[in-house]
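Enquirer: The structure file protein_32.txt (compact mmCIF, C-alpha atoms) is provided below.
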```txt
# COMPACT_ATOMS: atom_id res chain seq x y z
CA MET A 1 0.00 0.00 0.00
CA THR A 2 1.29 3.45 -0.93
CA GLU A 3 1.83 5.69 2.07
CA ARG A 4 -0.43 8.72 2.06
CA SER A 5 1.23 12.08 1.53
CA TYR A 6 0.90 14.71 4.22
CA GLN A 7 -1.03 16.78 1.66
CA ASP A 8 -3.65 14.02 1.34
CA ILE A 9 -3.83 13.69 5.11
CA ASN A 10 -4.49 17.41 5.40
CA ALA A 11 -7.22 17.35 2.74
CA GLU A 12 -8.96 14.50 4.56
CA THR A 13 -8.56 16.27 7.90
CA ILE A 14 -10.09 19.49 6.62
CA ASP A 15 -12.95 17.53 5.06
CA ARG A 16 -13.69 16.15 8.54
CA TRP A 17 -13.50 19.59 10.12
CA VAL A 18 -15.98 20.95 7.57
CA GLU A 19 -18.38 18.11 8.31
CA LYS A 20 -18.18 19.05 11.99
CA GLY A 21 -18.99 22.71 11.31
CA TRP A 22 -15.52 24.26 10.99
CA ILE A 23 -15.81 28.05 11.04
CA TRP A 24 -13.64 28.41 7.93
CA GLY A 25 -15.75 25.91 6.00
CA THR A 26 -19.18 27.48 6.54
CA PRO A 27 -20.52 29.20 3.40
CA ILE A 28 -21.78 32.76 3.59
CA SER A 29 -25.51 33.39 3.75
CA HIS A 30 -27.67 34.71 0.93
CA GLU A 31 -28.04 37.94 2.90
CA THR A 32 -24.27 38.38 3.06
CA PHE A 33 -24.05 37.87 -0.71
CA VAL A 34 -26.79 40.42 -1.39
CA ASN A 35 -25.11 42.91 0.94
CA ALA A 36 -21.86 42.49 -0.99
CA ARG A 37 -23.66 43.22 -4.24
CA ASN A 38 -24.90 46.40 -2.60
CA GLY A 39 -21.38 47.38 -1.59
CA VAL A 40 -21.53 46.28 2.06
CA TRP A 41 -18.87 43.62 2.60
CA ASP A 42 -15.74 42.48 4.38
CA VAL A 43 -13.40 39.50 4.01
CA VAL A 44 -10.64 38.20 6.28
CA LEU A 45 -7.24 36.64 5.70
CA THR A 46 -6.63 36.07 9.41
CA PRO A 47 -9.03 35.34 12.30
CA LEU A 48 -10.35 38.80 13.16
CA LYS A 49 -9.29 41.87 11.21
CA PRO A 50 -11.02 42.55 7.89
CA VAL A 51 -8.81 43.26 4.90
CA PRO A 52 -8.83 46.97 3.97
CA HIS A 53 -10.97 47.49 0.87
CA GLU A 54 -8.29 49.67 -0.68
CA TRP A 55 -6.02 46.63 -0.87
CA PHE A 56 -8.24 45.34 -3.69
CA GLY A 57 -9.21 48.42 -5.66
CA ASP A 58 -12.13 48.06 -8.06
CA LEU A 59 -12.81 44.35 -8.50
CA LEU A 60 -15.16 44.69 -11.45
CA GLY A 61 -13.82 42.51 -14.27
CA LYS A 62 -10.66 41.56 -12.36
CA LYS A 63 -9.40 37.98 -12.54
CA VAL A 64 -9.07 36.75 -8.96
CA LEU A 65 -7.49 33.49 -7.82
CA GLY A 66 -8.51 32.21 -4.40
CA LEU A 67 -5.47 30.13 -3.48
CA ALA A 68 -6.37 27.51 -0.85
CA SER A 69 -9.43 29.72 -0.35
CA GLY A 70 -12.31 27.23 -0.59
CA GLY A 71 -15.23 27.27 1.81
CA GLY A 72 -17.69 29.59 0.11
CA GLN A 73 -16.69 32.62 2.17
CA GLN A 74 -14.48 35.05 0.25
CA MET A 75 -14.85 34.07 -3.39
CA PRO A 76 -18.65 34.64 -3.40
CA VAL A 77 -18.04 38.17 -2.13
CA PHE A 78 -15.56 38.85 -4.93
CA ALA A 79 -18.01 37.41 -7.46
CA ALA A 80 -20.74 39.68 -6.07
CA LEU A 81 -18.40 42.63 -6.62
CA GLY A 82 -17.96 41.69 -10.27
CA ALA A 83 -14.71 39.74 -10.26
CA GLU A 84 -14.02 36.78 -12.52
CA CYS A 85 -13.19 34.14 -9.91
CA THR A 86 -11.11 30.97 -9.81
CA VAL A 87 -10.70 28.97 -6.59
CA LEU A 88 -8.06 26.33 -5.97
CA ASP A 89 -8.20 24.05 -2.95
CA TYR A 90 -7.25 20.46 -2.12
CA SER A 91 -10.22 19.81 0.19
CA GLU A 92 -13.21 18.49 -1.74
CA ARG A 93 -15.60 19.62 1.00
CA GLN A 94 -14.28 23.16 0.80
CA LEU A 95 -14.86 23.11 -2.95
CA GLU A 96 -18.36 21.71 -2.45
CA SER A 97 -19.12 24.84 -0.43
CA GLU A 98 -17.98 26.97 -3.38
CA ARG A 99 -20.26 25.04 -5.75
CA PHE A 100 -23.16 25.36 -3.31
CA VAL A 101 -22.96 29.16 -3.02
CA ALA A 102 -22.37 29.67 -6.76
CA ALA A 103 -25.43 27.55 -7.60
CA ARG A 104 -27.56 29.30 -4.99
CA GLU A 105 -26.60 32.79 -6.13
CA GLY A 106 -26.31 32.07 -9.85
CA TYR A 107 -22.76 33.17 -10.66
CA ALA A 108 -19.96 31.39 -12.52
CA ILE A 109 -16.72 30.33 -10.84
CA ARG A 110 -13.88 28.11 -12.02
CA ILE A 111 -13.26 25.45 -9.37
CA VAL A 112 -9.94 23.59 -9.37
CA ARG A 113 -8.98 20.77 -7.01
CA ALA A 114 -5.20 20.81 -6.83
CA ASP A 115 -2.29 20.65 -4.39
CA MET A 116 -0.65 24.06 -4.06
CA THR A 117 2.70 22.45 -3.26
CA LYS A 118 2.82 21.45 -6.94
CA PRO A 119 3.14 23.87 -9.89
CA LEU A 120 -0.13 25.78 -10.19
CA PRO A 121 -2.25 24.64 -13.18
CA PHE A 122 -2.53 28.15 -14.63
CA ASP A 123 -0.89 30.19 -17.37
CA ASP A 124 1.78 32.81 -16.78
CA GLU A 125 0.36 36.23 -15.87
CA GLU A 126 -3.23 34.96 -15.75
CA PHE A 127 -4.54 36.79 -12.67
CA ASP A 128 -4.90 40.35 -11.41
CA ILE A 129 -5.16 39.36 -7.73
CA ILE A 130 -4.29 36.28 -5.67
CA PHE A 131 -6.16 36.00 -2.38
CA HIS A 132 -4.43 33.51 -0.09
CA PRO A 133 -5.87 33.18 3.45
CA VAL A 134 -3.83 31.54 6.21
CA SER A 135 -3.22 28.05 4.85
CA ASN A 136 0.45 27.60 4.04
CA CYS A 137 0.89 26.34 7.60
CA TYR A 138 -0.26 23.04 6.03
CA VAL A 139 2.71 22.84 3.65
CA GLU A 140 6.35 22.16 4.41
CA GLU A 141 7.94 24.58 1.93
CA VAL A 142 6.40 27.99 1.22
CA ARG A 143 9.03 29.59 -1.00
CA PRO A 144 7.97 27.57 -4.10
CA ILE A 145 4.39 28.75 -3.55
CA TRP A 146 5.44 32.40 -3.61
CA LYS A 147 7.37 31.78 -6.83
CA GLU A 148 4.32 30.21 -8.45
CA CYS A 149 2.17 33.12 -7.28
CA TYR A 150 4.61 35.49 -8.93
CA ARG A 151 4.48 33.51 -12.17
CA VAL A 152 0.68 33.45 -12.52
CA LEU A 153 0.14 37.11 -11.53
CA LYS A 154 0.08 39.87 -14.10
CA HIS A 155 2.57 42.71 -13.78
CA GLY A 156 1.01 45.22 -11.43
CA GLY A 157 -1.05 42.45 -9.84
CA TYR A 158 -1.43 41.91 -6.10
CA LEU A 159 -0.70 38.98 -3.81
CA ILE A 160 -2.91 39.39 -0.73
CA ALA A 161 -1.95 36.77 1.84
CA GLY A 162 -2.46 35.71 5.43
CA VAL A 163 0.56 34.05 7.06
CA ASP A 164 1.46 32.64 10.47
CA TYR A 165 4.06 33.99 12.88
CA HIS A 166 5.02 30.53 14.21
CA VAL A 167 4.13 31.63 17.77
CA ASN A 168 1.26 29.13 17.97
CA TYR A 169 3.65 26.26 17.34
CA ILE A 170 5.94 26.83 20.31
CA VAL A 171 3.29 26.79 23.08
CA ASP A 172 1.21 24.05 24.70
CA ASN A 173 -2.54 23.73 24.16
CA GLU A 174 -3.26 26.06 27.07
CA GLU A 175 -0.86 28.62 25.56
CA GLU A 176 0.93 28.93 28.90
CA ARG A 177 4.30 27.22 28.36
CA ILE A 178 6.88 27.08 25.60
CA VAL A 179 7.17 23.40 24.75
CA ASN A 180 8.37 23.09 21.15
CA THR A 181 11.56 23.89 19.30
CA LEU A 182 11.49 25.60 15.93
CA PRO A 183 10.97 24.88 13.19
CA PHE A 184 7.85 22.90 14.02
CA ASN A 185 8.05 20.13 11.44
CA PRO A 186 6.28 16.86 12.26
CA LEU A 187 7.86 15.12 9.28
CA ARG A 188 11.21 15.48 11.08
CA ASN A 189 10.06 15.42 14.70
CA PRO A 190 7.96 12.41 15.78
CA GLU A 191 6.92 14.08 19.05
CA GLN A 192 5.47 17.01 17.16
CA MET A 193 3.58 14.60 14.91
CA ARG A 194 2.12 12.90 18.00
CA GLN A 195 0.94 16.28 19.30
CA LEU A 196 -0.92 16.96 16.07
CA GLN A 197 -2.44 13.49 15.87
CA ALA A 198 -3.74 13.74 19.44
CA ASP A 199 -5.71 16.85 18.48
CA ASP A 200 -6.75 15.75 14.97
CA SER A 201 -4.85 18.75 13.63
CA GLY A 202 -3.58 17.28 10.38
CA VAL A 203 0.07 17.89 9.49
CA GLN A 204 1.11 21.47 10.18
CA PHE A 205 4.36 23.39 9.93
CA SER A 206 5.76 26.58 11.41
CA HIS A 207 7.31 29.11 9.04
CA SER A 208 9.70 31.89 9.85
CA LEU A 209 9.30 35.47 8.72
CA GLU A 210 12.29 34.82 6.48
CA GLU A 211 10.18 32.23 4.66
CA GLN A 212 6.94 34.19 4.70
CA LEU A 213 8.08 37.76 4.03
CA GLY A 214 11.58 37.06 2.75
CA GLY A 215 10.19 34.39 0.45
CA GLN A 216 7.81 36.88 -1.17
CA LEU A 217 10.67 39.33 -1.68
CA GLU A 218 12.94 36.62 -3.09
CA ALA A 219 10.22 35.69 -5.58
CA GLY A 220 10.29 39.27 -6.87
CA PHE A 221 7.37 40.87 -5.04
CA VAL A 222 7.40 44.37 -3.61
CA LEU A 223 5.83 44.44 -0.14
CA LEU A 224 3.29 47.27 0.09
CA ASN A 225 1.25 46.80 3.26
CA LEU A 226 0.88 44.54 6.28
CA TYR A 227 -0.98 44.25 9.56
CA GLU A 228 -0.94 41.89 12.53
CA ASP A 229 -3.75 39.81 14.01
CA THR A 230 -4.34 37.49 16.96
CA ASN A 231 -5.93 34.04 17.19
CA GLY A 232 -9.29 35.56 18.05
CA GLU A 233 -9.60 33.40 21.15
CA GLY A 234 -7.43 31.76 23.82
CA ARG A 235 -4.76 33.05 26.16
CA LEU A 236 -2.48 34.55 23.50
CA HIS A 237 -5.44 36.48 22.14
CA GLU A 238 -6.44 37.66 25.60
CA MET A 239 -2.88 38.93 26.09
CA ASN A 240 -3.03 40.67 22.70
CA ILE A 241 -0.07 38.68 21.35
CA PRO A 242 -0.09 38.68 17.53
CA THR A 243 0.17 35.31 15.85
CA PHE A 244 -0.62 36.17 12.22
CA LEU A 245 0.31 38.68 9.55
CA ALA A 246 -1.66 39.86 6.55
CA THR A 247 0.43 41.12 3.65
CA ARG A 248 -0.17 42.90 0.37
CA ALA A 249 2.57 42.63 -2.23
CA MET A 250 2.77 43.65 -5.88
CA LYS A 251 4.39 42.06 -8.88
CA PRO A 252 6.19 45.03 -10.47
```
Give the structure from the file, written as structure tokens.

Expert:
Amino acid sequence: MTERSYQDINAETIDRWVEKGWIWGTPISHETFVNARNGVWDVVLTPLKPVPHEWFGDLLGKKVLGLASGGGQQMPVFAALGAECTVLDYSERQLESERFVAAREGYAIRIVRADMTKPLPFDDEEFDIIFHPVSNCYVEEVRPIWKECYRVLKHGGYLIAGVDYHVNYIVDNEEERIVNTLPFNPLRNPEQMRQLQADDSGVQFSHSLEEQLGGQLEAGFVLLNLYEDTNGEGRLHEMNIPTFLATRAMKP
């Protein structure tokens, strides 16, 4: 029997989470879609803070790629605002949510099931915007993803991404003690894999700012904006300790 890849394990894990009512796998309501069509909307890359609208500009007619952005939450909003949307995700349940909202609201969207650790199945300079919520914590190497984002974006296009700080990976479940070394990589550290398995957390990885921000710069992007965010709950949140970044970068 062929051993399952960590990418397949993560897709199956997220499918289970969605079935159990995962917050990031719950499609938006019809009311939310209608509000977006009327210009009242927000989307998030990280748990709490909405992305500034000026990061997007006018979305009418823009080609937007939702990278690992399934779930029927952000892409329907962009479609309501007039964007031409493509969503790529490796979780079939997340993509089912995209199909559900598109059918309910009557808009077209290109839905692609693919593993973002592989070359993206798109042409060079195909998109105006890539929207990439926090999700590269489920892949071991992020630098190749930034390079692929650069390839498929048009010149002058924007990469709008949510990334982790790696703080969550050093603390225990109660967020009281530092218990893990960095990098957090369960493929190389059996104890870290056991921690994840005990919590049904899939296979996750910490990434340094060198990988997250430096990797975007190495790929050729120009960093334009960023903001911090917390987990939205738990002790680190209560202490106002940031654990995520949202970034906006441009392909010059």

Enquirer: In terms of the shortest atom-to-atom distance over all atoms listed in the file, which of A:Lys63, A:Arg99, A:His207, A:Arg235 is closest to Glu176 (chain A)?

Expert: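 Using all atoms listed in the file, Glu176 (chain A) sits closest to A:Arg235.
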
Enquirer: Nearest residue to Ser5 (chain A) out of A:Tyr227, A:Ile170, A:Cys149, A:Glu140, using all atoms listed in the file?

Expert: A:Glu140

Enquirer: Measuring atom to atom with all atoms listed in the file, identify which of A:Ala108, A:Met116, A:Val203, A:Leu153 is nearest to Glu12 (chain A).

Expert: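 For Glu12 (chain A), the nearest of the candidates is A:Val203.
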
Enquirer: Which value, in Å to one decimal, gives the distance between CA of His237 (chain A) and CA of Pro183 (chain A)?

Expert: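 Pair CA of His237 (chain A) / CA of Pro183 (chain A) returns 22.0 Å.
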
Enquirer: Using all atoms listed in the file, which residues sit within 8 Å of Leu95 (chain A) once same-chain residues fewer than 4 positions away are excluded, as a list in words?

Expert: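 Result of the neighbour search: Gly70, Gly71, Gly72, Asp89, Ser91, Arg99, Ile111 and Arg113 of chain A.
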
Enquirer: Pick from A:Gly215, A:Pro133, A:Gly162, A:Pro242: nearest to Ile145 (chain A), with all atoms listed in the file counted?

Expert: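 Smallest separation from Ile145 (chain A) among the options: A:Gly215.
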
Enquirer: Report, in Å to a single decimal, how far apart CA of Pro121 (chain A) and CA of Pro76 (chain A) are.

Expert: 21.6 Å

Enquirer: Ranking A:Asp164, A:Glu218, A:Phe78, A:Thr13 by minimum distance to Asp42 (chain A) and counting all atoms listed in the file, which one comes first?

Expert: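 Checking each candidate against Asp42 (chain A), we get A:Phe78 as the closest.
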
Enquirer: Nearest to Arg248 (chain A) among A:His132, A:Arg143, A:His155, A:Arg37, with distances taken over only C-alpha atoms: which residue is it?

Expert: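 Smallest separation from Arg248 (chain A) among the options: A:His132.
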
Enquirer: I'd like the contact shell of Ser97 (chain A) - 10 Å cut-off, only C-alpha atoms, skipping same-chain residues fewer than 2 positions apart - returned as a compact mmCIF listing (two decimals) with C-alpha atoms, in the frame of the given file.

Expert:
```
# COMPACT_ATOMS: atom_id res chain seq x y z
CA VAL A 18 -15.98 20.95 7.57
CA GLY A 25 -15.75 25.91 6.00
CA THR A 26 -19.18 27.48 6.54
CA PRO A 27 -20.52 29.20 3.40
CA ILE A 28 -21.78 32.76 3.59
CA GLY A 70 -12.31 27.23 -0.59
CA GLY A 71 -15.23 27.27 1.81
CA GLY A 72 -17.69 29.59 0.11
CA GLN A 73 -16.69 32.62 2.17
CA GLU A 92 -13.21 18.49 -1.74
CA ARG A 93 -15.60 19.62 1.00
CA GLN A 94 -14.28 23.16 0.80
CA LEU A 95 -14.86 23.11 -2.95
CA ARG A 99 -20.26 25.04 -5.75
CA PHE A 100 -23.16 25.36 -3.31
CA VAL A 101 -22.96 29.16 -3.02
CA ALA A 102 -22.37 29.67 -6.76
CA ALA A 103 -25.43 27.55 -7.60
```

Enquirer: Quote the spacing between CA of Lys118 (chain A) and CA of Asn225 (chain A) in Å to one decimal place.

Expert: 27.4 Å

Enquirer: For region 45-51 of chain A, find every residue with an atom within 8 Å (counting all atoms listed in the file), except residues of its own chain fewer than 2 positions away, and show them as an mmCIF file with C-alpha atoms, in the frame of the given file.

Expert:
```
data_model
loop_
_atom_site.group_PDB
_atom_site.id
_atom_site.type_symbol
_atom_site.label_atom_id
_atom_site.label_comp_id
_atom_site.auth_asym_id
_atom_site.auth_seq_id
_atom_site.Cartn_x
_atom_site.Cartn_y
_atom_site.Cartn_z
ATOM 1 C CA ASP A 42 -15.740 42.480 4.380
ATOM 2 C CA VAL A 43 -13.400 39.500 4.010
ATOM 3 C CA HIS A 53 -10.970 47.490 0.870
ATOM 4 C CA TRP A 55 -6.020 46.630 -0.870
ATOM 5 C CA HIS A 132 -4.430 33.510 -0.090
ATOM 6 C CA PRO A 133 -5.870 33.180 3.450
ATOM 7 C CA VAL A 134 -3.830 31.540 6.210
ATOM 8 C CA ALA A 161 -1.950 36.770 1.840
ATOM 9 C CA GLY A 162 -2.460 35.710 5.430
ATOM 10 C CA VAL A 163 0.560 34.050 7.060
ATOM 11 C CA ASP A 229 -3.750 39.810 14.010
ATOM 12 C CA THR A 230 -4.340 37.490 16.960
ATOM 13 C CA ASN A 231 -5.930 34.040 17.190
ATOM 14 C CA GLY A 232 -9.290 35.560 18.050
ATOM 15 C CA PHE A 244 -0.620 36.170 12.220
ATOM 16 C CA LEU A 245 0.310 38.680 9.550
ATOM 17 C CA ALA A 246 -1.660 39.860 6.550
#
```

Enquirer: Excluding Asp128 (chain A) and residues on its chain fewer than 5 positions from it, collect all residues at most 8 Å away from it, counting all atoms listed in the file, and give them as a list in words.

Expert: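 That gives Lys62, Lys63, Val64, Leu153, Lys154, Gly156, Gly157 and Tyr158 of chain A.
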
Enquirer: In the coordinate frame of the file, compute which residues have an atom within 9 Å of (7.1, 41.0, -4.7) when using only C-alpha atoms, and state them as a PyMOL selection string.

Expert: chain A and resi 146+150+158-159+215-224+249-252

Enquirer: What's the 7 Å shell around Gly82 (chain A), counting all atoms listed in the file, without same-chain residues fewer than 4 positions away, as a ChimeraX atom specification?

Expert: /A:59-61,78

Enquirer: Once 5 Å is added on each side, what centre and edge lengths in Å to one decimal does the axis-aligned box around all listed atoms of region 228-239 of chain A have, as JSON?

Expert:
```
{"center_x": -5.3, "center_y": 36.8, "center_z": 19.3, "size_x": 18.7, "size_y": 20.1, "size_z": 23.6}
```

Enquirer: Got a minute to add N, CA, C and O atoms to region 117-138 of chain A and dump it as a PDB file, keeping the file's coordinate frame?

Expert:
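Result written to rebuild18.pdb:
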```pdb
ATOM      1  N   THR A 117       1.264  22.706  -3.344  1.00  0.00           N
ATOM      2  CA  THR A 117       2.700  22.450  -3.260  1.00  0.00           C
ATOM      3  C   THR A 117       3.270  22.042  -4.616  1.00  0.00           C
ATOM      4  O   THR A 117       4.489  21.979  -4.782  1.00  0.00           O
ATOM      5  N   LYS A 118       2.401  21.783  -5.578  1.00  0.00           N
ATOM      6  CA  LYS A 118       2.820  21.450  -6.940  1.00  0.00           C
ATOM      7  C   LYS A 118       2.687  22.701  -7.806  1.00  0.00           C
ATOM      8  O   LYS A 118       2.024  23.670  -7.440  1.00  0.00           O
ATOM      9  N   PRO A 119       3.318  22.718  -8.993  1.00  0.00           N
ATOM     10  CA  PRO A 119       3.140  23.870  -9.890  1.00  0.00           C
ATOM     11  C   PRO A 119       1.655  24.153 -10.125  1.00  0.00           C
ATOM     12  O   PRO A 119       0.866  23.234 -10.361  1.00  0.00           O
ATOM     13  N   LEU A 120       1.279  25.416 -10.045  1.00  0.00           N
ATOM     14  CA  LEU A 120      -0.130  25.780 -10.190  1.00  0.00           C
ATOM     15  C   LEU A 120      -0.584  25.548 -11.632  1.00  0.00           C
ATOM     16  O   LEU A 120       0.146  25.877 -12.576  1.00  0.00           O
ATOM     17  N   PRO A 121      -1.783  24.991 -11.829  1.00  0.00           N
ATOM     18  CA  PRO A 121      -2.250  24.640 -13.180  1.00  0.00           C
ATOM     19  C   PRO A 121      -2.835  25.843 -13.929  1.00  0.00           C
ATOM     20  O   PRO A 121      -3.960  25.795 -14.444  1.00  0.00           O
ATOM     21  N   PHE A 122      -2.067  26.930 -13.995  1.00  0.00           N
ATOM     22  CA  PHE A 122      -2.530  28.150 -14.630  1.00  0.00           C
ATOM     23  C   PHE A 122      -1.435  28.722 -15.522  1.00  0.00           C
ATOM     24  O   PHE A 122      -0.247  28.415 -15.356  1.00  0.00           O
ATOM     25  N   ASP A 123      -1.837  29.566 -16.450  1.00  0.00           N
ATOM     26  CA  ASP A 123      -0.890  30.190 -17.370  1.00  0.00           C
ATOM     27  C   ASP A 123      -0.095  31.297 -16.669  1.00  0.00           C
ATOM     28  O   ASP A 123      -0.523  31.833 -15.638  1.00  0.00           O
ATOM     29  N   ASP A 124       1.024  31.656 -17.258  1.00  0.00           N
ATOM     30  CA  ASP A 124       1.780  32.810 -16.780  1.00  0.00           C
ATOM     31  C   ASP A 124       0.907  34.059 -16.877  1.00  0.00           C
ATOM     32  O   ASP A 124       0.149  34.235 -17.844  1.00  0.00           O
ATOM     33  N   GLU A 125       1.014  34.924 -15.862  1.00  0.00           N
ATOM     34  CA  GLU A 125       0.360  36.230 -15.870  1.00  0.00           C
ATOM     35  C   GLU A 125      -1.142  36.139 -16.166  1.00  0.00           C
ATOM     36  O   GLU A 125      -1.698  36.934 -16.929  1.00  0.00           O
ATOM     37  N   GLU A 126      -1.801  35.192 -15.495  1.00  0.00           N
ATOM     38  CA  GLU A 126      -3.230  34.960 -15.750  1.00  0.00           C
ATOM     39  C   GLU A 126      -4.136  35.800 -14.849  1.00  0.00           C
ATOM     40  O   GLU A 126      -5.258  36.128 -15.230  1.00  0.00           O
ATOM     41  N   PHE A 127      -3.658  36.183 -13.659  1.00  0.00           N
ATOM     42  CA  PHE A 127      -4.540  36.790 -12.670  1.00  0.00           C
ATOM     43  C   PHE A 127      -4.120  38.206 -12.293  1.00  0.00           C
ATOM     44  O   PHE A 127      -2.937  38.550 -12.320  1.00  0.00           O
ATOM     45  N   ASP A 128      -5.137  38.999 -11.915  1.00  0.00           N
ATOM     46  CA  ASP A 128      -4.900  40.350 -11.410  1.00  0.00           C
ATOM     47  C   ASP A 128      -4.631  40.348  -9.908  1.00  0.00           C
ATOM     48  O   ASP A 128      -3.891  41.186  -9.398  1.00  0.00           O
ATOM     49  N   ILE A 129      -5.275  39.426  -9.191  1.00  0.00           N
ATOM     50  CA  ILE A 129      -5.160  39.360  -7.730  1.00  0.00           C
ATOM     51  C   ILE A 129      -5.118  37.886  -7.309  1.00  0.00           C
ATOM     52  O   ILE A 129      -5.876  37.056  -7.834  1.00  0.00           O
ATOM     53  N   ILE A 130      -4.250  37.580  -6.367  1.00  0.00           N
ATOM     54  CA  ILE A 130      -4.290  36.280  -5.670  1.00  0.00           C
ATOM     55  C   ILE A 130      -4.669  36.559  -4.228  1.00  0.00           C
ATOM     56  O   ILE A 130      -4.036  37.376  -3.552  1.00  0.00           O
ATOM     57  N   PHE A 131      -5.711  35.886  -3.770  1.00  0.00           N
ATOM     58  CA  PHE A 131      -6.160  36.000  -2.380  1.00  0.00           C
ATOM     59  C   PHE A 131      -5.862  34.671  -1.697  1.00  0.00           C
ATOM     60  O   PHE A 131      -6.393  33.629  -2.077  1.00  0.00           O
ATOM     61  N   HIS A 132      -4.984  34.733  -0.687  1.00  0.00           N
ATOM     62  CA  HIS A 132      -4.430  33.510  -0.090  1.00  0.00           C
ATOM     63  C   HIS A 132      -4.564  33.581   1.441  1.00  0.00           C
ATOM     64  O   HIS A 132      -3.662  34.056   2.126  1.00  0.00           O
ATOM     65  N   PRO A 133      -5.706  33.153   1.996  1.00  0.00           N
ATOM     66  CA  PRO A 133      -5.870  33.180   3.450  1.00  0.00           C
ATOM     67  C   PRO A 133      -4.884  32.243   4.138  1.00  0.00           C
ATOM     68  O   PRO A 133      -4.275  31.383   3.494  1.00  0.00           O
ATOM     69  N   VAL A 134      -4.742  32.395   5.437  1.00  0.00           N
ATOM     70  CA  VAL A 134      -3.830  31.540   6.210  1.00  0.00           C
ATOM     71  C   VAL A 134      -4.068  30.077   5.843  1.00  0.00           C
ATOM     72  O   VAL A 134      -5.146  29.536   6.068  1.00  0.00           O
ATOM     73  N   SER A 135      -3.101  29.455   5.250  1.00  0.00           N
ATOM     74  CA  SER A 135      -3.220  28.050   4.850  1.00  0.00           C
ATOM     75  C   SER A 135      -1.870  27.418   4.550  1.00  0.00           C
ATOM     76  O   SER A 135      -1.770  26.186   4.503  1.00  0.00           O
ATOM     77  N   ASN A 136      -0.831  28.232   4.357  1.00  0.00           N
ATOM     78  CA  ASN A 136       0.450  27.600   4.040  1.00  0.00           C
ATOM     79  C   ASN A 136       1.125  26.997   5.267  1.00  0.00           C
ATOM     80  O   ASN A 136       2.202  26.419   5.171  1.00  0.00           O
ATOM     81  N   CYS A 137       0.437  27.102   6.429  1.00  0.00           N
ATOM     82  CA  CYS A 137       0.890  26.340   7.600  1.00  0.00           C
ATOM     83  C   CYS A 137       0.678  24.841   7.395  1.00  0.00           C
ATOM     84  O   CYS A 137       1.161  24.030   8.192  1.00  0.00           O
ATOM     85  N   TYR A 138      -0.031  24.458   6.331  1.00  0.00           N
ATOM     86  CA  TYR A 138      -0.260  23.040   6.030  1.00  0.00           C
ATOM     87  C   TYR A 138       0.708  22.510   4.978  1.00  0.00           C
ATOM     88  O   TYR A 138       0.523  21.390   4.495  1.00  0.00           O
TER      89      TYR A 138
END
```
